[in-house]
$ cat data26.cif   # mmCIF, C-alpha atoms and all ligand atoms
data_input
#
loop_
_atom_site.label_atom_id
_atom_site.label_comp_id
_atom_site.auth_asym_id
_atom_site.auth_seq_id
_atom_site.Cartn_x
_atom_site.Cartn_y
_atom_site.Cartn_z
CA MET A 292 132.01 69.36 115.91
CA ALA A 293 129.70 71.10 118.34
CA LEU A 294 128.91 68.98 121.40
CA SER A 295 126.92 71.30 123.64
CA ALA A 296 125.79 74.91 123.93
CA GLU A 297 124.78 77.02 126.91
CA GLY A 298 124.22 80.77 127.15
CA CYS A 299 126.62 82.39 124.67
CA TRP A 300 129.06 79.48 124.67
CA ILE A 301 129.51 76.45 122.42
CA THR A 302 131.71 73.51 123.42
CA ASP A 303 133.18 71.26 120.75
CA THR A 304 133.95 67.54 120.94
CA GLU A 305 137.55 68.31 121.92
CA GLY A 306 136.39 70.28 124.93
CA ARG A 307 137.26 73.73 123.48
CA ARG A 308 134.84 76.52 124.34
CA TYR A 309 133.85 79.27 121.89
CA LEU A 310 132.05 82.51 122.56
CA ASP A 311 129.24 82.55 119.98
CA ALA A 312 129.57 86.23 119.11
CA CYS A 313 127.40 85.85 116.02
CA GLY A 314 124.60 83.62 117.32
CA GLY A 315 125.30 81.11 114.52
CA ALA A 316 124.20 83.20 111.53
CA ILE A 317 122.93 86.07 113.70
CA VAL A 318 120.03 83.85 114.67
CA ASN A 319 120.10 83.23 118.38
CA ASN A 320 118.64 86.17 120.32
CA VAL A 321 117.86 84.43 123.65
CA GLY A 322 120.98 82.31 124.18
CA HIS A 323 121.60 78.58 123.91
CA GLY A 324 120.13 75.87 126.11
CA ARG A 325 116.97 77.73 127.15
CA ARG A 326 114.81 75.11 128.90
CA GLU A 327 111.72 77.31 128.54
CA VAL A 328 111.87 77.12 124.73
CA ILE A 329 112.75 73.43 124.62
CA ASP A 330 109.94 72.56 127.08
CA ALA A 331 107.40 74.70 125.21
CA ILE A 332 108.18 72.87 121.95
CA ALA A 333 108.02 69.45 123.67
CA ALA A 334 104.70 70.30 125.34
CA GLN A 335 103.24 71.44 122.01
CA MET A 336 104.45 68.28 120.26
CA ALA A 337 102.71 66.21 122.93
CA ARG A 338 99.48 68.21 122.48
CA VAL A 339 99.21 68.64 118.67
CA ASP A 340 102.30 67.72 116.68
CA TYR A 341 101.17 68.61 113.16
CA VAL A 342 98.04 69.46 111.26
CA HIS A 343 97.81 71.02 107.85
CA ALA A 344 96.44 74.52 107.46
CA HIS A 345 93.90 73.37 104.82
CA SER A 346 92.00 71.52 107.57
CA PHE A 347 92.88 73.05 110.91
CA THR A 348 94.34 75.98 112.71
CA THR A 349 95.77 75.47 116.22
CA GLU A 350 95.60 77.29 119.49
CA ALA A 351 99.43 77.64 119.38
CA VAL A 352 99.42 79.47 116.03
CA GLU A 353 96.44 81.68 116.86
CA ARG A 354 97.84 82.64 120.25
CA TYR A 355 101.27 83.41 118.75
CA ALA A 356 99.86 85.49 115.87
CA ALA A 357 97.65 87.49 118.23
CA ARG A 358 100.61 88.24 120.49
CA LEU A 359 103.03 89.06 117.69
CA ALA A 360 100.76 91.30 115.60
CA PRO A 361 100.83 94.39 117.86
CA LEU A 362 104.64 94.22 118.17
CA VAL A 363 105.28 94.51 114.42
CA PRO A 364 105.43 97.93 112.64
CA VAL A 365 102.63 96.96 110.25
CA SER A 366 99.11 98.27 110.72
CA ASP A 367 96.41 95.71 111.55
CA ALA A 368 99.07 93.02 111.12
CA ARG A 369 98.22 89.51 109.84
CA VAL A 370 100.79 86.76 110.34
CA PHE A 371 101.69 83.97 107.87
CA PRO A 372 104.22 81.62 109.53
CA VAL A 373 106.57 79.52 107.37
CA SER A 374 109.85 77.63 107.86
CA GLY A 375 112.55 80.26 107.35
CA GLY A 376 113.64 83.58 105.93
CA SER A 377 113.79 82.67 102.23
CA GLU A 378 110.33 81.05 102.34
CA ALA A 379 108.97 84.12 104.09
CA ILE A 380 110.48 86.38 101.40
CA GLU A 381 108.92 84.27 98.63
CA THR A 382 105.61 84.56 100.47
CA ALA A 383 105.93 88.36 100.63
CA LEU A 384 106.84 88.67 96.93
CA LYS A 385 103.91 86.49 95.87
CA LEU A 386 101.57 88.35 98.20
CA ALA A 387 102.61 91.66 96.59
CA ARG A 388 101.93 90.25 93.14
CA ALA A 389 98.55 88.84 94.24
CA TYR A 390 97.64 92.22 95.75
CA HIS A 391 98.17 94.05 92.45
CA LEU A 392 96.42 91.34 90.41
CA ALA A 393 93.41 91.51 92.70
CA ASN A 394 93.57 95.30 92.53
CA GLY A 395 93.23 95.21 88.73
CA GLU A 396 96.86 96.15 88.01
CA PRO A 397 98.31 92.99 86.42
CA GLU A 398 101.10 94.98 84.75
CA ARG A 399 102.76 95.49 88.16
CA ASP A 400 105.24 92.61 88.11
CA VAL A 401 108.63 94.19 88.92
CA VAL A 402 110.20 94.22 92.37
CA ILE A 403 112.90 96.81 93.06
CA SER A 404 115.61 95.93 95.57
CA ARG A 405 119.06 97.30 96.36
CA ARG A 406 122.49 96.17 95.29
CA GLY A 407 124.38 95.08 98.40
CA SER A 408 121.31 93.41 99.89
CA TYR A 409 120.58 89.85 100.94
CA HIS A 410 117.10 88.37 100.94
CA GLY A 411 117.73 84.62 100.73
CA ASN A 412 118.85 81.84 98.45
CA THR A 413 115.69 80.53 96.78
CA LEU A 414 115.25 81.87 93.24
CA GLY A 415 112.81 84.72 93.94
CA ALA A 416 114.69 85.81 97.04
CA LEU A 417 118.01 85.49 95.21
CA ASP A 418 116.68 87.61 92.36
CA ALA A 419 115.88 90.32 94.89
CA SER A 420 119.30 89.93 96.51
CA GLY A 421 122.13 92.14 95.31
CA ARG A 422 124.99 89.82 96.16
CA GLU A 423 127.08 88.92 93.14
CA SER A 424 128.90 85.95 94.65
CA LEU A 425 125.62 84.13 95.32
CA ARG A 426 123.97 85.08 92.00
CA ARG A 427 126.95 83.90 89.93
CA GLY A 428 126.07 80.95 87.70
CA TYR A 429 122.32 81.36 88.19
CA GLU A 430 122.00 84.51 86.07
CA PRO A 431 119.96 82.76 83.34
CA TRP A 432 117.28 82.14 85.96
CA LEU A 433 117.47 85.63 87.45
CA GLY A 434 116.94 89.18 86.23
CA ARG A 435 113.17 89.65 86.47
CA PHE A 436 113.64 92.26 89.18
CA SER A 437 115.38 95.61 89.15
CA GLN A 438 117.96 97.12 91.51
CA THR A 439 118.87 100.51 92.86
CA ASP A 440 121.84 101.82 94.90
CA PRO A 441 123.19 100.15 98.00
CA VAL A 442 122.83 102.31 101.10
CA ASN A 443 126.19 102.32 102.83
CA GLU A 444 127.28 105.53 104.50
CA TYR A 445 130.92 104.41 104.68
CA ARG A 446 131.10 104.11 100.91
CA CYS A 447 128.41 106.56 99.89
CA THR A 448 128.76 107.94 96.35
CA ASN A 449 126.61 111.02 96.93
CA PRO A 450 128.84 113.90 95.72
CA GLU A 451 127.56 116.03 98.64
CA HIS A 452 128.14 113.25 101.24
CA PRO A 453 127.40 113.44 104.17
CA ALA A 454 124.85 116.15 103.37
CA ASP A 455 121.35 114.95 102.45
CA CYS A 456 122.34 111.34 101.70
CA GLY A 457 118.89 110.11 102.71
CA ALA A 458 117.14 112.35 100.17
CA TRP A 459 119.78 111.53 97.54
CA HIS A 460 119.10 107.76 97.80
CA VAL A 461 115.36 108.37 97.78
CA ARG A 462 115.75 110.35 94.53
CA HIS A 463 117.64 107.39 93.05
CA LEU A 464 114.84 105.06 94.07
CA GLU A 465 112.38 107.35 92.35
CA GLU A 466 114.54 107.35 89.21
CA ALA A 467 114.66 103.54 89.30
CA ILE A 468 110.86 103.44 89.54
CA GLU A 469 110.50 105.85 86.63
CA SER A 470 112.97 103.91 84.50
CA VAL A 471 111.06 100.63 85.05
CA GLY A 472 107.78 102.48 84.52
CA SER A 473 105.89 103.50 87.62
CA GLY A 474 102.85 101.42 86.68
CA ARG A 475 104.96 98.27 86.47
CA VAL A 476 106.47 98.26 89.95
CA ALA A 477 104.84 95.91 92.46
CA ALA A 478 107.10 96.33 95.50
CA PHE A 479 110.29 97.76 96.92
CA ILE A 480 112.15 95.44 99.28
CA ALA A 481 115.04 96.33 101.59
CA GLU A 482 116.64 95.52 104.93
CA PRO A 483 116.02 98.40 107.37
CA ILE A 484 119.65 98.04 108.49
CA GLY A 485 121.97 96.17 106.11
CA GLY A 486 123.00 92.72 107.29
CA ALA A 487 124.79 89.79 105.68
CA THR A 488 126.07 91.49 102.52
CA LEU A 489 127.19 94.94 103.70
CA GLY A 490 127.52 94.33 107.46
CA ALA A 491 125.42 96.40 109.86
CA THR A 492 124.99 99.46 107.62
CA VAL A 493 122.68 102.01 109.23
CA PRO A 494 120.95 104.22 106.63
CA PRO A 495 121.17 108.02 106.83
CA ALA A 496 118.54 110.29 108.36
CA GLY A 497 115.43 110.75 106.26
CA TYR A 498 116.05 107.70 104.08
CA TRP A 499 113.29 105.40 105.30
CA ARG A 500 110.73 108.19 105.70
CA GLY A 501 111.42 109.21 102.11
CA VAL A 502 111.23 105.62 100.84
CA ALA A 503 107.86 105.08 102.54
CA GLU A 504 106.54 108.32 101.05
CA VAL A 505 107.69 107.42 97.52
CA CYS A 506 106.19 103.90 97.76
CA ARG A 507 102.88 105.34 98.93
CA ARG A 508 102.84 107.95 96.17
CA TYR A 509 103.47 105.37 93.42
CA GLY A 510 101.15 102.68 94.83
CA ILE A 511 104.13 100.37 95.44
CA LEU A 512 104.13 97.97 98.40
CA LEU A 513 106.95 98.47 100.89
CA ILE A 514 108.43 95.15 102.04
CA ALA A 515 110.79 95.37 105.01
CA ASP A 516 113.15 92.41 105.28
CA GLU A 517 113.69 92.07 109.03
CA VAL A 518 114.95 88.49 108.90
CA MET A 519 118.14 89.59 110.65
CA THR A 520 117.03 92.82 112.33
CA GLY A 521 113.85 91.56 114.00
CA PHE A 522 113.05 90.57 117.57
CA GLY A 523 115.23 93.04 119.41
CA ARG A 524 118.47 92.55 117.47
CA THR A 525 119.10 96.26 116.79
CA GLY A 526 117.86 97.57 120.13
CA ARG A 527 114.25 97.97 118.96
CA TRP A 528 111.70 95.22 118.46
CA PHE A 529 112.09 95.75 114.71
CA GLY A 530 114.67 97.76 112.79
CA LEU A 531 112.11 100.00 111.08
CA GLU A 532 111.19 101.48 114.45
CA HIS A 533 114.48 103.42 114.47
CA PHE A 534 113.06 105.40 111.56
CA GLU A 535 109.42 105.62 112.69
CA VAL A 536 108.16 103.99 109.53
CA ALA A 537 105.63 101.19 109.02
CA ALA A 538 105.77 98.58 106.23
CA ASP A 539 102.97 97.11 104.14
CA VAL A 540 104.64 93.72 104.47
CA LEU A 541 107.35 92.75 106.95
CA VAL A 542 109.37 89.55 106.82
CA SER A 543 111.24 88.07 109.74
CA ALA A 544 112.84 84.77 110.85
CA LYS A 545 116.11 84.01 112.72
CA GLY A 546 115.56 85.66 116.15
CA ALA A 547 111.83 84.82 116.01
CA SER A 548 112.57 81.30 117.23
CA SER A 549 116.25 81.98 117.96
CA GLY A 550 117.15 78.82 116.06
CA TYR A 551 115.18 76.39 118.23
CA TRP A 552 112.75 75.73 115.36
CA PRO A 553 112.87 76.61 111.64
CA LEU A 554 110.50 79.58 111.76
CA GLY A 555 109.93 82.41 109.30
CA LEU A 556 107.16 85.00 109.24
CA CYS A 557 105.49 87.06 106.57
CA VAL A 558 103.43 89.76 108.27
CA ALA A 559 101.17 91.96 106.14
CA SER A 560 98.72 94.73 106.81
CA GLY A 561 95.05 93.78 106.97
CA SER A 562 94.25 95.97 103.97
CA VAL A 563 96.87 94.22 101.80
CA VAL A 564 95.75 90.75 102.94
CA GLU A 565 92.08 91.46 102.38
CA ILE A 566 92.61 92.77 98.86
CA ALA A 567 95.12 90.03 97.89
CA ALA A 568 93.15 87.11 99.38
CA PRO A 569 91.14 86.09 96.27
CA MET A 570 94.35 85.83 94.18
CA PHE A 571 96.73 84.50 96.85
CA GLY A 572 97.06 80.76 96.50
CA HIS A 573 100.08 79.95 98.60
CA GLY A 574 101.38 77.70 101.38
CA TYR A 575 103.90 75.00 102.22
CA THR A 576 103.57 71.64 103.98
CA TYR A 577 105.13 73.16 107.09
CA SER A 578 103.42 76.57 107.05
CA HIS A 579 101.60 77.40 110.29
CA HIS A 580 103.43 74.66 112.22
CA PRO A 581 102.36 74.58 115.89
CA GLY A 582 105.93 73.71 116.94
CA GLY A 583 107.24 76.97 115.45
CA ALA A 584 104.45 78.94 117.11
CA ALA A 585 105.26 77.36 120.49
CA ALA A 586 108.96 78.19 120.06
CA GLY A 587 108.13 81.74 118.96
CA HIS A 588 105.84 82.27 121.90
CA ALA A 589 108.45 81.07 124.40
CA VAL A 590 111.06 83.33 122.75
CA LEU A 591 108.73 86.33 123.14
CA ASP A 592 108.33 85.42 126.84
CA ILE A 593 112.10 85.56 127.31
CA ILE A 594 112.64 88.76 125.30
CA GLU A 595 109.92 90.52 127.31
CA SER A 596 110.69 89.16 130.79
CA GLU A 597 114.44 89.79 130.46
CA ASP A 598 113.96 93.14 128.75
CA LEU A 599 116.27 92.02 125.95
CA VAL A 600 115.31 94.79 123.53
CA SER A 601 116.64 97.59 125.75
CA ARG A 602 119.46 95.36 126.85
CA ALA A 603 120.53 94.94 123.20
CA ALA A 604 120.56 98.74 122.79
CA ALA A 605 122.76 99.24 125.87
CA SER A 606 125.04 96.26 125.19
CA GLY A 607 125.45 97.31 121.56
CA ALA A 608 126.58 100.78 122.64
CA HIS A 609 129.10 99.11 124.98
CA LEU A 610 130.40 96.87 122.17
CA LEU A 611 130.76 99.79 119.74
CA ALA A 612 132.62 101.80 122.38
CA GLY A 613 134.89 98.85 123.25
CA LEU A 614 135.72 98.21 119.61
CA GLY A 615 136.31 101.93 119.07
CA GLU A 616 138.74 102.09 121.99
CA ARG A 617 140.73 99.06 120.94
CA LEU A 618 140.61 99.38 117.15
CA GLY A 619 139.89 103.04 116.48
CA SER A 620 143.52 103.91 115.73
CA SER A 621 144.35 100.79 113.71
CA PRO A 622 145.32 101.78 110.15
CA PHE A 623 143.51 98.67 108.91
CA VAL A 624 140.15 99.35 110.51
CA GLY A 625 138.12 101.59 108.22
CA ASP A 626 134.75 101.53 109.92
CA ILE A 627 133.06 100.31 113.08
CA ARG A 628 129.29 100.48 112.72
CA GLY A 629 125.94 99.09 113.70
CA ALA A 630 122.88 99.39 115.90
CA GLY A 631 122.13 97.41 119.02
CA LEU A 632 123.78 94.00 118.82
CA LEU A 633 124.20 94.04 115.04
CA VAL A 634 127.71 95.42 114.68
CA ALA A 635 130.45 95.15 112.05
CA VAL A 636 134.09 96.07 111.67
CA GLU A 637 135.37 96.72 108.13
CA PHE A 638 139.05 96.20 107.31
CA VAL A 639 140.84 98.32 104.72
CA ALA A 640 144.29 98.32 103.14
CA GLU A 641 144.46 102.12 103.36
CA ARG A 642 142.30 104.02 105.78
CA GLU A 643 142.42 107.51 104.29
CA SER A 644 141.28 106.40 100.83
CA ARG A 645 139.09 103.55 102.21
CA THR A 646 140.83 101.21 99.77
CA PRO A 647 139.77 97.63 100.36
CA PHE A 648 142.17 94.71 100.38
CA PRO A 649 142.21 92.68 97.17
CA ARG A 650 139.84 89.76 97.69
CA VAL A 651 142.60 87.22 96.96
CA GLU A 652 144.24 88.19 100.25
CA ARG A 653 141.20 86.80 102.10
CA VAL A 654 141.75 89.21 104.99
CA ALA A 655 138.34 88.72 106.61
CA GLU A 656 138.70 84.93 106.49
CA ARG A 657 142.18 85.15 108.04
CA VAL A 658 141.09 87.52 110.81
CA ARG A 659 138.09 85.29 111.51
CA ALA A 660 140.35 82.21 111.74
CA GLU A 661 142.61 84.01 114.25
CA LEU A 662 139.56 85.09 116.20
CA ILE A 663 138.33 81.50 116.37
CA ARG A 664 141.79 80.41 117.57
CA ARG A 665 141.18 82.84 120.45
CA GLY A 666 137.80 81.23 121.15
CA VAL A 667 135.48 83.83 119.61
CA ILE A 668 133.23 83.27 116.57
CA GLY A 669 132.42 86.16 114.22
CA TYR A 670 130.32 86.33 111.04
CA LEU A 671 132.12 86.66 107.72
CA VAL A 672 131.18 89.57 105.43
CA THR A 673 132.98 89.78 102.08
CA GLY A 674 132.44 91.91 99.00
CA CYS A 675 131.06 94.78 101.08
CA ALA A 676 133.14 97.44 99.25
CA ASP A 677 132.12 96.82 95.63
CA GLY A 678 130.52 93.38 95.43
CA ILE A 679 133.87 91.60 95.15
CA ASP A 680 136.43 93.31 97.38
CA GLY A 681 135.63 94.37 100.91
CA ASP A 682 136.34 92.57 104.17
CA ALA A 683 134.40 92.80 107.39
CA LEU A 684 133.40 90.74 110.37
CA ALA A 685 129.95 91.15 111.85
CA PHE A 686 128.89 90.43 115.40
CA GLY A 687 125.39 89.52 116.48
CA PRO A 688 125.59 87.56 119.73
CA PRO A 689 122.64 86.42 121.83
CA LEU A 690 121.06 89.53 123.36
CA THR A 691 121.71 87.95 126.78
CA ILE A 692 125.49 88.43 126.40
CA THR A 693 127.20 90.16 129.33
CA LEU A 694 129.37 93.26 129.06
CA ALA A 695 132.38 91.21 130.21
CA GLU A 696 131.77 88.74 127.36
CA LEU A 697 131.52 91.64 124.90
CA ASP A 698 134.90 92.87 126.13
CA LEU A 699 136.32 89.45 125.29
CA VAL A 700 135.09 89.98 121.72
CA SER A 701 136.78 93.40 121.42
CA ASP A 702 140.03 92.14 122.98
CA ALA A 703 140.19 89.02 120.81
CA LEU A 704 139.43 90.99 117.63
CA ALA A 705 142.20 93.51 118.38
CA GLU A 706 144.65 90.61 118.83
CA ALA A 707 143.41 88.79 115.73
CA ILE A 708 143.83 91.90 113.57
CA GLY A 709 147.28 92.47 115.03
CA SER A 710 148.25 88.91 114.27
CA VAL A 711 147.04 88.97 110.64
CA LEU A 712 147.88 92.55 109.65
CA GLY A 713 150.86 93.14 111.89
CA PHE A 714 149.58 96.16 113.72
CA SER A 715 146.79 97.04 116.07
CA SER A 716 146.23 99.79 118.57
CA ASN A 717 146.64 97.28 121.41
C1 LIG B 1 118.00 89.90 105.62
C2 LIG B 1 117.86 88.43 105.28
N1 LIG B 1 116.83 88.04 104.53
C3 LIG B 1 116.63 86.74 104.22
C4 LIG B 1 117.51 85.77 104.66
C5 LIG B 1 117.27 84.33 104.30
O1 LIG B 1 116.86 83.61 105.43
P1 LIG B 1 117.04 82.03 105.49
O2 LIG B 1 118.51 81.76 105.47
O3 LIG B 1 116.37 81.65 106.79
O4 LIG B 1 116.34 81.44 104.32
C6 LIG B 1 118.61 86.13 105.45
C7 LIG B 1 119.57 85.14 105.93
O5 LIG B 1 120.65 85.44 106.35
C8 LIG B 1 118.78 87.51 105.77
O6 LIG B 1 119.81 87.93 106.52
#
$ encode --input "data26.cif" --output "structure tokens"
Amino acid sequence: MALSAEGCWITDTEGRRYLDACGGAIVNNVGHGRREVIDAIAAQMARVDYVHAHSFTTEAVERYAARLAPLVPVSDARVFPVSGGSEAIETALKLARAYHLANGEPERDVVISRRGSYHGNTLGALDASGRESLRRGYEPWLGRFSQTDPVNEYRCTNPEHPADCGAWHVRHLEEAIESVGSGRVAAFIAEPIGGATLGATVPPAGYWRGVAEVCRRYGILLIADEVMTGFGRTGRWFGLEHFEVAADVLVSAKGASSGYWPLGLCVASGSVVEIAAPMFGHGYTYSHHPGGAAAGHAVLDIIESEDLVSRAAASGAHLLAGLGERLGSSPFVGDIRGAGLLVAVEFVAERESRTPFPRVERVAERVRAELIRRGVIGYLVTGCADGIDGDALAFGPPLTITLAELDLVSDALAEAIGSVLGFSSN
């Protein structure tokens, strides 16, 4: 049981300390125990605790939206705050539908996503998600949406790989659109850099540019799911910035409040919002909560004043190098990948052929358990090879983590792999 948390460390009720190398569920960007965030929430609660958006807006929400809008790669951005990532995804999907209805294209009702993606656990978000283990059992309620290839350079099926993989995936997206019927597609949704399902997969050059161009050409809204990649996580404010692309709708959560308040955000371009408005009846009891806005504002203060976006870029490069040094020659480490402080290590039974371990061996779970025994917490990624097999651990610590703490992660992981698989380069 967790008793207290400070910086990157969590102490349990038995007095053991753990380095939180995955910020919970890759949530905490500013570190634990930040008085500034706690005080900002308390001050807001004392001022206006709750009002519903049908009667009032608040200074906290307006101030937060005005500050956030210019940071997000969406033109003339409008912010719709909710209580988490899945709610924000549902909001984006409904907004896309409302946009096409209002635009006189009611036949556009299909969303295309990618296999190997994760967009949340509510039914709309789960339907967009390409993660078999979470969909299992709910199939009768799913299947309205359509899916295209996962984008995973380590396991790319492009016959010419690594040549022109970006263009190859874009062609597949176009084929998926044509097979649904181009006039039926409402939106394409994807994570700019793969997160929970594939583990820190960075797409190839040209991919996002090509996707944006195809969406524009077919009149399809581009929804970027930055729930995990937002707020500095990948060494840019938002993941899409690596690829110099803007979205029509961008969804974020996690790092936005760094876990201090349940906060999710659906951010859409002014032109989308203005067209969709007459058809967009939507909201939750806790949408536009002033507590979330106060937390988000205080988190932005910390990210800016401590320069955490560039720090994540530099620290991430250090972590990748450290992992490469310690694990690069292990026969059981197939890939070390990521951007900024979203990093993953994939384990394989045979490196040359990239053969994954059979899932029944639960390699990722066993390595994670050994890592925890050494006082370091990592994020479990399973099924990343083919939806069932595939073992990886992801790391996404608070962006405040020091280089010495990152070295502890690399050292502990090398030991944990050695202990489970019997060999490591250390
Ligand atoms: C990319 C992505 N989208 C959506 C979600 C769902 O967010 P939440 O768990 O806050 O509902 C997650 C959660 O991990 C995520 O990583």
$ residues_around --input "data26.cif" --residues "Ile708 (chain A)" --least-positions-apart "6" --cutoff "12 Å" --atoms "only C-alpha atoms" --output "PyMOL selection string"
chain A and resi 614+617-618+621-624+636-639+654-662+665+683-684+701-702+714-717
$ atom_distance --input "data26.cif" --atom1 "CA of Pro581 (chain A)" --atom2 "CA of Glu353 (chain A)"
9.3 Å
$ residues_near_ligand --input "data26.cif" --ligand "ligand LIG 1 (chain B)" --cutoff "9 Å" --atoms "only C-alpha atoms and all ligand atoms" --output "number ranges by chain"
A: 316-318, 374-380, 408-413, 416, 420, 481-488, 516-520, 542-545, 553-555
$ atom_distance --input "data26.cif" --atom1 "CA of His533 (chain A)" --atom2 "CA of Ala604 (chain A)"
11.3 Å
$ closest_residue --input "data26.cif" --among "A:Gly523, A:Gly613, A:Gly681, A:Gly550" --to "Leu362 (chain A)" --atoms "all atoms listed in the file"
A:Gly523
$ closest_residue --input "data26.cif" --among "A:Leu414, A:Val342, A:Ile627, A:Val328" --to "Gly615 (chain A)" --atoms "all atoms listed in the file"
A:Ile627
$ closest_residue --input "data26.cif" --among "A:Ala293, A:Val442, A:Leu541, A:Val476" --to "Thr492 (chain A)" --atoms "all atoms listed in the file"
A:Val442
$ residues_around --input "data26.cif" --residues "Gly501 (chain A)" --least-positions-apart "6" --cutoff "8 Å" --atoms "all atoms listed in the file" --output "list in words"
Gly457, Ala458 and Val461 of chain A
